[in-house]
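Have a look at the structure below before the remarks.
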Amino acid sequence: MSHSQTRSENGTSTIWQIVGRLFAAAVVLAVTAFFTPGFSINNIWTLIIAAVVLTVIDYLVTKFTGLHASPFGKGFVGFALAAVILYVTQFFVAGYSISWVAAIIGALIYGVVDYFIPGNQQM
């Protein structure tokens with residue numbers, strides 16, 4: 001059983017990890033936007049694009065700096081980074097708007113929700 005599981009993990013599981021991470025990011029983002037005043041996402045396509053952009057920005061920041069945008073993972077630095085990433089995403093995604101105050105509140109909510117959504121911890 002573990003032999004076939006190991007083989008399948010090398011090929012297709014990476015794609016499913018990415019899809020799973022994007023889905024989890026979209027769910028976390030939707031919940032965050034819903035509970036954060038001053039944070040709006042116009043429709044499902046905006047949400048999907050924003051989740052992709054957030055995931056890519058987070059990946060690039062992690063790749064080049066080694067820092068994770070996770071309010072619980074890296075303390076204040078992770079929290080500040082999450083707020084900046086939430087804020088900066090609006091410049092790449094039409095129909096996504098957020099104020100600085102909402103980005104700070106959103107980073108806190110994002111961190112709490114992200115903590116409870118499984119499957120978004122590693123990649």
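Quick note on naming: the chains in the structure tokens go A, B, ... in the order shown, residues restart at 1 in each chain, and ligands are numbered from 1 in order of appearance.
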
Identify, on the basis of only C-alpha atoms, every residue whose closest approach to Val113 of chain A does not exceed 8 Å; exclude the query and any residue fewer than 6 positions from it along the same chain; express the result as a count of residues only. 3

Need to verify the contact set: Trp100 of chain A, 12 Å, only C-alpha atoms, exclusion of same-chain residues closer than 3 positions in sequence. Can you return it as a PDB file with all heavy atoms, in the first residue's frame?
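Heads up, here's the output in out_23.pdb:
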ATOM      1  N   THR A  36     -14.810  41.258   7.847  1.00  0.00           N
ATOM      2  CA  THR A  36     -13.975  42.450   7.964  1.00  0.00           C
ATOM      3  C   THR A  36     -14.651  43.659   7.332  1.00  0.00           C
ATOM      4  O   THR A  36     -14.860  43.689   6.120  1.00  0.00           O
ATOM      5  CB  THR A  36     -12.604  42.218   7.278  1.00  0.00           C
ATOM      6  OG1 THR A  36     -12.026  41.031   7.792  1.00  0.00           O
ATOM      7  CG2 THR A  36     -11.666  43.384   7.518  1.00  0.00           C
ATOM      8  N   PRO A  37     -14.986  44.672   8.149  1.00  0.00           N
ATOM      9  CA  PRO A  37     -15.548  45.904   7.566  1.00  0.00           C
ATOM     10  C   PRO A  37     -14.483  46.618   6.726  1.00  0.00           C
ATOM     11  O   PRO A  37     -13.322  46.651   7.109  1.00  0.00           O
ATOM     12  CB  PRO A  37     -15.950  46.735   8.784  1.00  0.00           C
ATOM     13  CG  PRO A  37     -15.297  46.103   9.963  1.00  0.00           C
ATOM     14  CD  PRO A  37     -14.855  44.721   9.590  1.00  0.00           C
ATOM     15  N   GLY A  38     -14.883  47.139   5.569  1.00  0.00           N
ATOM     16  CA  GLY A  38     -13.926  47.828   4.694  1.00  0.00           C
ATOM     17  C   GLY A  38     -13.181  46.904   3.752  1.00  0.00           C
ATOM     18  O   GLY A  38     -12.241  47.310   3.095  1.00  0.00           O
ATOM     19  N   PHE A  39     -13.596  45.644   3.689  1.00  0.00           N
ATOM     20  CA  PHE A  39     -12.956  44.653   2.822  1.00  0.00           C
ATOM     21  C   PHE A  39     -14.048  44.048   1.959  1.00  0.00           C
ATOM     22  O   PHE A  39     -14.976  43.434   2.464  1.00  0.00           O
ATOM     23  CB  PHE A  39     -12.291  43.582   3.688  1.00  0.00           C
ATOM     24  CG  PHE A  39     -11.491  42.530   2.933  1.00  0.00           C
ATOM     25  CD1 PHE A  39     -11.247  42.616   1.570  1.00  0.00           C
ATOM     26  CD2 PHE A  39     -10.966  41.458   3.621  1.00  0.00           C
ATOM     27  CE1 PHE A  39     -10.507  41.653   0.907  1.00  0.00           C
ATOM     28  CE2 PHE A  39     -10.215  40.474   2.977  1.00  0.00           C
ATOM     29  CZ  PHE A  39      -9.991  40.585   1.615  1.00  0.00           C
ATOM     30  N   ALA A  80       2.238  41.320  10.239  1.00  0.00           N
ATOM     31  CA  ALA A  80       2.433  42.512   9.403  1.00  0.00           C
ATOM     32  C   ALA A  80       2.520  42.123   7.929  1.00  0.00           C
ATOM     33  O   ALA A  80       1.944  42.787   7.066  1.00  0.00           O
ATOM     34  CB  ALA A  80       3.691  43.261   9.834  1.00  0.00           C
ATOM     35  N   ALA A  82       1.181  39.472   6.502  1.00  0.00           N
ATOM     36  CA  ALA A  82      -0.159  39.073   6.056  1.00  0.00           C
ATOM     37  C   ALA A  82      -1.004  40.307   5.737  1.00  0.00           C
ATOM     38  O   ALA A  82      -1.709  40.356   4.728  1.00  0.00           O
ATOM     39  CB  ALA A  82      -0.844  38.211   7.118  1.00  0.00           C
ATOM     40  N   ALA A  83      -0.922  41.340   6.589  1.00  0.00           N
ATOM     41  CA  ALA A  83      -1.672  42.581   6.353  1.00  0.00           C
ATOM     42  C   ALA A  83      -1.218  43.259   5.066  1.00  0.00           C
ATOM     43  O   ALA A  83      -2.047  43.700   4.257  1.00  0.00           O
ATOM     44  CB  ALA A  83      -1.515  43.529   7.544  1.00  0.00           C
ATOM     45  N   VAL A  84       0.080  43.323   4.851  1.00  0.00           N
ATOM     46  CA  VAL A  84       0.617  43.948   3.629  1.00  0.00           C
ATOM     47  C   VAL A  84       0.182  43.169   2.389  1.00  0.00           C
ATOM     48  O   VAL A  84      -0.240  43.763   1.389  1.00  0.00           O
ATOM     49  CB  VAL A  84       2.170  44.060   3.703  1.00  0.00           C
ATOM     50  CG1 VAL A  84       2.760  44.430   2.353  1.00  0.00           C
ATOM     51  CG2 VAL A  84       2.577  45.068   4.764  1.00  0.00           C
ATOM     52  N   ILE A  85       0.253  41.838   2.442  1.00  0.00           N
ATOM     53  CA  ILE A  85      -0.144  41.012   1.295  1.00  0.00           C
ATOM     54  C   ILE A  85      -1.633  41.183   1.000  1.00  0.00           C
ATOM     55  O   ILE A  85      -2.033  41.320  -0.157  1.00  0.00           O
ATOM     56  CB  ILE A  85       0.242  39.534   1.506  1.00  0.00           C
ATOM     57  CG1 ILE A  85       1.758  39.384   1.421  1.00  0.00           C
ATOM     58  CG2 ILE A  85      -0.433  38.637   0.468  1.00  0.00           C
ATOM     59  CD1 ILE A  85       2.278  38.002   1.800  1.00  0.00           C
ATOM     60  N   LEU A  86      -2.476  41.196   2.040  1.00  0.00           N
ATOM     61  CA  LEU A  86      -3.910  41.431   1.832  1.00  0.00           C
ATOM     62  C   LEU A  86      -4.137  42.782   1.168  1.00  0.00           C
ATOM     63  O   LEU A  86      -4.961  42.915   0.271  1.00  0.00           O
ATOM     64  CB  LEU A  86      -4.672  41.383   3.170  1.00  0.00           C
ATOM     65  CG  LEU A  86      -4.981  40.004   3.737  1.00  0.00           C
ATOM     66  CD1 LEU A  86      -5.543  40.130   5.155  1.00  0.00           C
ATOM     67  CD2 LEU A  86      -5.947  39.253   2.855  1.00  0.00           C
ATOM     68  N   TYR A  87      -3.394  43.806   1.604  1.00  0.00           N
ATOM     69  CA  TYR A  87      -3.558  45.156   1.067  1.00  0.00           C
ATOM     70  C   TYR A  87      -3.053  45.246  -0.380  1.00  0.00           C
ATOM     71  O   TYR A  87      -3.732  45.785  -1.253  1.00  0.00           O
ATOM     72  CB  TYR A  87      -2.821  46.167   1.948  1.00  0.00           C
ATOM     73  CG  TYR A  87      -3.054  47.591   1.518  1.00  0.00           C
ATOM     74  CD1 TYR A  87      -4.240  48.246   1.844  1.00  0.00           C
ATOM     75  CD2 TYR A  87      -2.115  48.287   0.757  1.00  0.00           C
ATOM     76  CE1 TYR A  87      -4.476  49.548   1.442  1.00  0.00           C
ATOM     77  CE2 TYR A  87      -2.347  49.589   0.350  1.00  0.00           C
ATOM     78  CZ  TYR A  87      -3.519  50.217   0.696  1.00  0.00           C
ATOM     79  OH  TYR A  87      -3.763  51.499   0.284  1.00  0.00           O
ATOM     80  N   VAL A  88      -1.882  44.715  -0.643  1.00  0.00           N
ATOM     81  CA  VAL A  88      -1.248  44.810  -1.962  1.00  0.00           C
ATOM     82  C   VAL A  88      -2.042  44.060  -3.040  1.00  0.00           C
ATOM     83  O   VAL A  88      -2.061  44.471  -4.204  1.00  0.00           O
ATOM     84  CB  VAL A  88       0.214  44.294  -1.886  1.00  0.00           C
ATOM     85  CG1 VAL A  88       0.810  44.064  -3.265  1.00  0.00           C
ATOM     86  CG2 VAL A  88       1.068  45.278  -1.107  1.00  0.00           C
ATOM     87  N   THR A  89      -2.740  43.001  -2.660  1.00  0.00           N
ATOM     88  CA  THR A  89      -3.513  42.199  -3.612  1.00  0.00           C
ATOM     89  C   THR A  89      -4.515  43.043  -4.390  1.00  0.00           C
ATOM     90  O   THR A  89      -4.773  42.785  -5.567  1.00  0.00           O
ATOM     91  CB  THR A  89      -4.218  41.036  -2.881  1.00  0.00           C
ATOM     92  OG1 THR A  89      -3.205  40.209  -2.288  1.00  0.00           O
ATOM     93  CG2 THR A  89      -5.046  40.197  -3.830  1.00  0.00           C
ATOM     94  N   GLN A  90      -5.054  44.108  -3.779  1.00  0.00           N
ATOM     95  CA  GLN A  90      -6.044  44.934  -4.473  1.00  0.00           C
ATOM     96  C   GLN A  90      -5.485  45.608  -5.724  1.00  0.00           C
ATOM     97  O   GLN A  90      -6.237  45.961  -6.618  1.00  0.00           O
ATOM     98  CB  GLN A  90      -6.639  45.968  -3.522  1.00  0.00           C
ATOM     99  CG  GLN A  90      -5.714  47.107  -3.163  1.00  0.00           C
ATOM    100  CD  GLN A  90      -6.354  48.064  -2.182  1.00  0.00           C
ATOM    101  OE1 GLN A  90      -7.547  48.325  -2.268  1.00  0.00           O
ATOM    102  NE2 GLN A  90      -5.575  48.577  -1.258  1.00  0.00           N
ATOM    103  N   SER A  97     -11.280  45.205  -2.911  1.00  0.00           N
ATOM    104  CA  SER A  97     -10.835  46.451  -2.285  1.00  0.00           C
ATOM    105  C   SER A  97     -10.735  46.295  -0.782  1.00  0.00           C
ATOM    106  O   SER A  97     -11.538  45.604  -0.158  1.00  0.00           O
ATOM    107  CB  SER A  97     -11.769  47.604  -2.650  1.00  0.00           C
ATOM    108  OG  SER A  97     -13.035  47.396  -2.070  1.00  0.00           O
ATOM    109  N   ALA A 103      -7.124  45.744   6.318  1.00  0.00           N
ATOM    110  CA  ALA A 103      -6.042  44.779   6.095  1.00  0.00           C
ATOM    111  C   ALA A 103      -5.484  44.288   7.423  1.00  0.00           C
ATOM    112  O   ALA A 103      -5.191  43.095   7.588  1.00  0.00           O
ATOM    113  CB  ALA A 103      -4.934  45.393   5.241  1.00  0.00           C
ATOM    114  N   ILE A 104      -5.373  45.189   8.390  1.00  0.00           N
ATOM    115  CA  ILE A 104      -4.872  44.812   9.714  1.00  0.00           C
ATOM    116  C   ILE A 104      -5.876  43.891  10.421  1.00  0.00           C
ATOM    117  O   ILE A 104      -5.519  42.834  10.930  1.00  0.00           O
ATOM    118  CB  ILE A 104      -4.556  46.070  10.550  1.00  0.00           C
ATOM    119  CG1 ILE A 104      -3.361  46.796   9.930  1.00  0.00           C
ATOM    120  CG2 ILE A 104      -4.292  45.720  12.011  1.00  0.00           C
ATOM    121  CD1 ILE A 104      -3.154  48.207  10.442  1.00  0.00           C
ATOM    122  N   ILE A 105      -7.152  44.287  10.407  1.00  0.00           N
ATOM    123  CA  ILE A 105      -8.207  43.450  10.997  1.00  0.00           C
ATOM    124  C   ILE A 105      -8.298  42.138  10.221  1.00  0.00           C
ATOM    125  O   ILE A 105      -8.407  41.056  10.813  1.00  0.00           O
ATOM    126  CB  ILE A 105      -9.563  44.194  10.990  1.00  0.00           C
ATOM    127  CG1 ILE A 105      -9.500  45.426  11.887  1.00  0.00           C
ATOM    128  CG2 ILE A 105     -10.690  43.257  11.431  1.00  0.00           C
ATOM    129  CD1 ILE A 105     -10.664  46.388  11.697  1.00  0.00           C
ATOM    130  N   GLY A 106      -8.241  42.245   8.889  1.00  0.00           N
ATOM    131  CA  GLY A 106      -8.323  41.060   8.027  1.00  0.00           C
ATOM    132  C   GLY A 106      -7.190  40.075   8.278  1.00  0.00           C
ATOM    133  O   GLY A 106      -7.396  38.868   8.246  1.00  0.00           O
ATOM    134  N   ALA A 107      -5.985  40.587   8.530  1.00  0.00           N
ATOM    135  CA  ALA A 107      -4.842  39.706   8.809  1.00  0.00           C
ATOM    136  C   ALA A 107      -5.085  38.909  10.082  1.00  0.00           C
ATOM    137  O   ALA A 107      -4.767  37.719  10.157  1.00  0.00           O
ATOM    138  CB  ALA A 107      -3.549  40.513   8.919  1.00  0.00           C
TER     139      ALA A 107
END

For Tyr115 of chain A, which residue among A:Ala25, A:Asn43, A:Ile48, A:Asp58 is the nearest when counting only C-alpha atoms?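 The closest residue to Tyr115 of chain A is A:Ala25.
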
Proximity to Ala102 of chain A - best of A:Thr55, A:Ser40, A:Thr62, A:Thr46, only C-alpha atoms: A:Ser40

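Ranking A:Val77, A:Leu60, A:Leu54, A:Val93 by their shortest atom-to-atom distance to Leu29 of chain A, with only C-alpha atoms included, puts A:Leu54 first.
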
Among the residues A:Ala30, A:Ala24, A:Ile18, A:Ala94, the one that comes closest to Ile109 of chain A [using only C-alpha atoms]: A:Ala30

I need the residue nearest Gly66 of chain A from this list: A:Ile41, A:Ile49, A:Ile98, A:Leu81. Use only C-alpha atoms for the distance. A:Leu81

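Those residues of segment 5-121 of chain A that DSSP, working from the backbone, places in strand (DSSP E) are Phe39, Ser40, Ile41, Tyr96, Ser97 and Ile98 of chain A.
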
Selected residue, from A:Phe64, A:Phe76, A:Tyr59, A:Tyr110, that lies nearest to Ala26 of chain A when counting only C-alpha atoms: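 Counting only C-alpha atoms, the residue closest to Ala26 of chain A is A:Tyr110.
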